[in-house]
file protein-v1.txt (compact mmCIF, C-alpha atoms and all ligand atoms)
# COMPACT_ATOMS: atom_id res chain seq x y z
CA MET C 1 -7.36 -15.01 4.76
CA ARG C 2 -10.01 -15.13 2.09
CA HIS C 3 -12.01 -12.33 0.63
CA PRO C 4 -14.94 -13.60 -1.41
CA ASP C 5 -15.97 -10.06 -2.23
CA TRP C 6 -12.86 -9.27 -4.21
CA ARG C 7 -13.66 -7.98 -7.64
CA CYS C 8 -11.68 -7.53 -10.82
CA GLN C 9 -10.35 -4.00 -11.01
CA ASN C 10 -10.55 -4.18 -14.77
CA CYS C 11 -14.09 -5.41 -15.49
CA GLY C 12 -15.76 -5.77 -12.08
CA GLU C 13 -16.42 -9.49 -12.21
CA ARG C 14 -15.76 -11.49 -9.07
CA LEU C 15 -12.40 -13.22 -8.73
CA TYR C 16 -11.88 -16.93 -8.46
CA GLU C 17 -9.09 -18.72 -6.66
CA HIS C 18 -6.28 -19.83 -8.91
CA VAL C 19 -3.94 -22.63 -7.92
CA GLU C 20 -0.78 -20.88 -9.08
CA VAL C 21 -1.33 -17.15 -9.05
CA GLY C 22 -3.72 -16.50 -6.19
CA TYR C 23 -6.84 -15.16 -7.85
CA GLN C 24 -7.95 -14.74 -11.41
CA CYS C 25 -10.80 -13.06 -13.22
CA LEU C 26 -12.45 -15.56 -15.50
CA ASN C 27 -14.07 -12.82 -17.55
CA CYS C 28 -11.04 -10.92 -18.80
CA GLY C 29 -8.22 -13.17 -17.60
CA ARG C 30 -6.62 -10.59 -15.30
CA ARG C 31 -4.54 -12.25 -12.60
CA TYR C 32 -4.07 -10.96 -9.08
CA SER C 33 -1.57 -11.96 -6.46
CA ILE C 34 -2.70 -12.16 -2.86
CA ASP C 35 -0.40 -9.28 -1.93
CA GLU C 36 -1.84 -7.13 -4.66
CA LEU C 37 -5.41 -7.82 -3.57
CA GLU C 38 -4.76 -7.22 0.10
CA GLY C 39 -3.04 -3.94 -0.70
CA ASN C 40 -6.13 -2.77 -2.54
CA ALA C 41 -8.75 -4.22 -0.23
CA VAL C 42 -11.51 -1.81 0.70
ZN ZN R 101 -11.87 -8.98 -15.20

call {"tool": "encode", "arguments": {"input": "protein-v1.txt", "output": "structure tokens"}}
result
Amino acid sequence: MRHPDWRCQNCGERLYEHVEVGYQCLNCGRRYSIDELEGNAV
């Protein structure tokens, strides 16, 4: 399942899919696993 509206919890920029780690913020470099994002989904 994909959530294009996911945002970085650190800086608020949108997250981009990352091949290895799930999603990553390109602004600050914060990485998010899918499980972590789904657990925090609004
Ligand atoms: Zn960020």

call {"tool": "atom_distance", "arguments": {"input": "protein-v1.txt", "atom1": "atom CA of C:Cys8", "atom2": "atom CA of C:Val21"}}
result
14.2 Å

call {"tool": "closest_residue", "arguments": {"input": "protein-v1.txt", "among": "C:Val19, C:Gln24, C:Cys11, C:Ser33", "to": "ligand ZN 101 (chain R)", "atoms": "all atoms listed in the file"}}
result
C:Cys11

call {"tool": "closest_atom_pairs", "arguments": {"input": "protein-v1.txt", "of": "chain C", "to": "ligand ZN 101 (chain R)", "cutoff": "10 Å", "atoms": "only C-alpha atoms and all ligand atoms", "output": "JSON lines"}}
result
{"residue": "C:Arg7", "atom": "CA", "partner": "R:ZN101", "partner_atom": "ZN", "distance": 7.8}
{"residue": "C:Cys8", "atom": "CA", "partner": "R:ZN101", "partner_atom": "ZN", "distance": 4.6}
{"residue": "C:Gln9", "atom": "CA", "partner": "R:ZN101", "partner_atom": "ZN", "distance": 6.7}
{"residue": "C:Asn10", "atom": "CA", "partner": "R:ZN101", "partner_atom": "ZN", "distance": 5.0}
{"residue": "C:Cys11", "atom": "CA", "partner": "R:ZN101", "partner_atom": "ZN", "distance": 4.2}
{"residue": "C:Gly12", "atom": "CA", "partner": "R:ZN101", "partner_atom": "ZN", "distance": 5.9}
{"residue": "C:Glu13", "atom": "CA", "partner": "R:ZN101", "partner_atom": "ZN", "distance": 5.5}
{"residue": "C:Arg14", "atom": "CA", "partner": "R:ZN101", "partner_atom": "ZN", "distance": 7.7}
{"residue": "C:Leu15", "atom": "CA", "partner": "R:ZN101", "partner_atom": "ZN", "distance": 7.8}
{"residue": "C:Gln24", "atom": "CA", "partner": "R:ZN101", "partner_atom": "ZN", "distance": 7.9}
{"residue": "C:Cys25", "atom": "CA", "partner": "R:ZN101", "partner_atom": "ZN", "distance": 4.7}
{"residue": "C:Leu26", "atom": "CA", "partner": "R:ZN101", "partner_atom": "ZN", "distance": 6.6}
{"residue": "C:Asn27", "atom": "CA", "partner": "R:ZN101", "partner_atom": "ZN", "distance": 5.0}
{"residue": "C:Cys28", "atom": "CA", "partner": "R:ZN101", "partner_atom": "ZN", "distance": 4.2}
{"residue": "C:Gly29", "atom": "CA", "partner": "R:ZN101", "partner_atom": "ZN", "distance": 6.1}
{"residue": "C:Arg30", "atom": "CA", "partner": "R:ZN101", "partner_atom": "ZN", "distance": 5.5}
{"residue": "C:Arg31", "atom": "CA", "partner": "R:ZN101", "partner_atom": "ZN", "distance": 8.4}

call {"tool": "axis_aligned_box", "arguments": {"input": "protein-v1.txt", "around": "stretch 18-23 of chain C", "padding_each_side": "5 Å", "output": "AutoDock Vina command-line options"}}
result
--center_x -3.8 --center_y -18.9 --center_z -7.6 --size_x 16.1 --size_y 17.5 --size_z 12.9

call {"tool": "build_atoms", "arguments": {"input": "protein-v1.txt", "residues": "stretch 28-40 of chain C", "atoms": "N, CA and C atoms", "output": "PDB file, in the frame of the given file"}}
result
ATOM      1  N   CYS C  28     -12.034 -11.582 -17.951  1.00  0.00           N
ATOM      2  CA  CYS C  28     -11.040 -10.920 -18.800  1.00  0.00           C
ATOM      3  C   CYS C  28      -9.653 -11.544 -18.673  1.00  0.00           C
ATOM      4  N   GLY C  29      -9.488 -12.471 -17.708  1.00  0.00           N
ATOM      5  CA  GLY C  29      -8.220 -13.170 -17.600  1.00  0.00           C
ATOM      6  C   GLY C  29      -7.186 -12.459 -16.744  1.00  0.00           C
ATOM      7  N   ARG C  30      -7.546 -11.332 -16.156  1.00  0.00           N
ATOM      8  CA  ARG C  30      -6.620 -10.590 -15.300  1.00  0.00           C
ATOM      9  C   ARG C  30      -6.276 -11.439 -14.089  1.00  0.00           C
ATOM     10  N   ARG C  31      -4.984 -11.474 -13.754  1.00  0.00           N
ATOM     11  CA  ARG C  31      -4.540 -12.250 -12.600  1.00  0.00           C
ATOM     12  C   ARG C  31      -4.141 -11.315 -11.479  1.00  0.00           C
ATOM     13  N   TYR C  32      -4.409 -11.752 -10.258  1.00  0.00           N
ATOM     14  CA  TYR C  32      -4.070 -10.960  -9.080  1.00  0.00           C
ATOM     15  C   TYR C  32      -3.339 -11.820  -8.065  1.00  0.00           C
ATOM     16  N   SER C  33      -2.251 -11.290  -7.569  1.00  0.00           N
ATOM     17  CA  SER C  33      -1.570 -11.960  -6.460  1.00  0.00           C
ATOM     18  C   SER C  33      -2.271 -11.604  -5.160  1.00  0.00           C
ATOM     19  N   ILE C  34      -2.080 -12.433  -4.157  1.00  0.00           N
ATOM     20  CA  ILE C  34      -2.700 -12.160  -2.860  1.00  0.00           C
ATOM     21  C   ILE C  34      -2.232 -10.814  -2.325  1.00  0.00           C
ATOM     22  N   ASP C  35      -0.945 -10.557  -2.450  1.00  0.00           N
ATOM     23  CA  ASP C  35      -0.400  -9.280  -1.930  1.00  0.00           C
ATOM     24  C   ASP C  35      -1.045  -8.099  -2.630  1.00  0.00           C
ATOM     25  N   GLU C  36      -1.245  -8.223  -3.898  1.00  0.00           N
ATOM     26  CA  GLU C  36      -1.840  -7.130  -4.660  1.00  0.00           C
ATOM     27  C   GLU C  36      -3.279  -6.883  -4.208  1.00  0.00           C
ATOM     28  N   LEU C  37      -4.011  -7.949  -3.982  1.00  0.00           N
ATOM     29  CA  LEU C  37      -5.410  -7.820  -3.570  1.00  0.00           C
ATOM     30  C   LEU C  37      -5.518  -7.245  -2.166  1.00  0.00           C
ATOM     31  N   GLU C  38      -4.684  -7.725  -1.280  1.00  0.00           N
ATOM     32  CA  GLU C  38      -4.760  -7.220   0.100  1.00  0.00           C
ATOM     33  C   GLU C  38      -4.376  -5.751   0.167  1.00  0.00           C
ATOM     34  N   GLY C  39      -3.453  -5.341  -0.685  1.00  0.00           N
ATOM     35  CA  GLY C  39      -3.040  -3.940  -0.700  1.00  0.00           C
ATOM     36  C   GLY C  39      -4.134  -3.030  -1.189  1.00  0.00           C
ATOM     37  N   ASN C  40      -5.060  -3.582  -1.962  1.00  0.00           N
ATOM     38  CA  ASN C  40      -6.130  -2.770  -2.540  1.00  0.00           C
ATOM     39  C   ASN C  40      -7.475  -3.047  -1.890  1.00  0.00           C
TER      40      ASN C  40
END
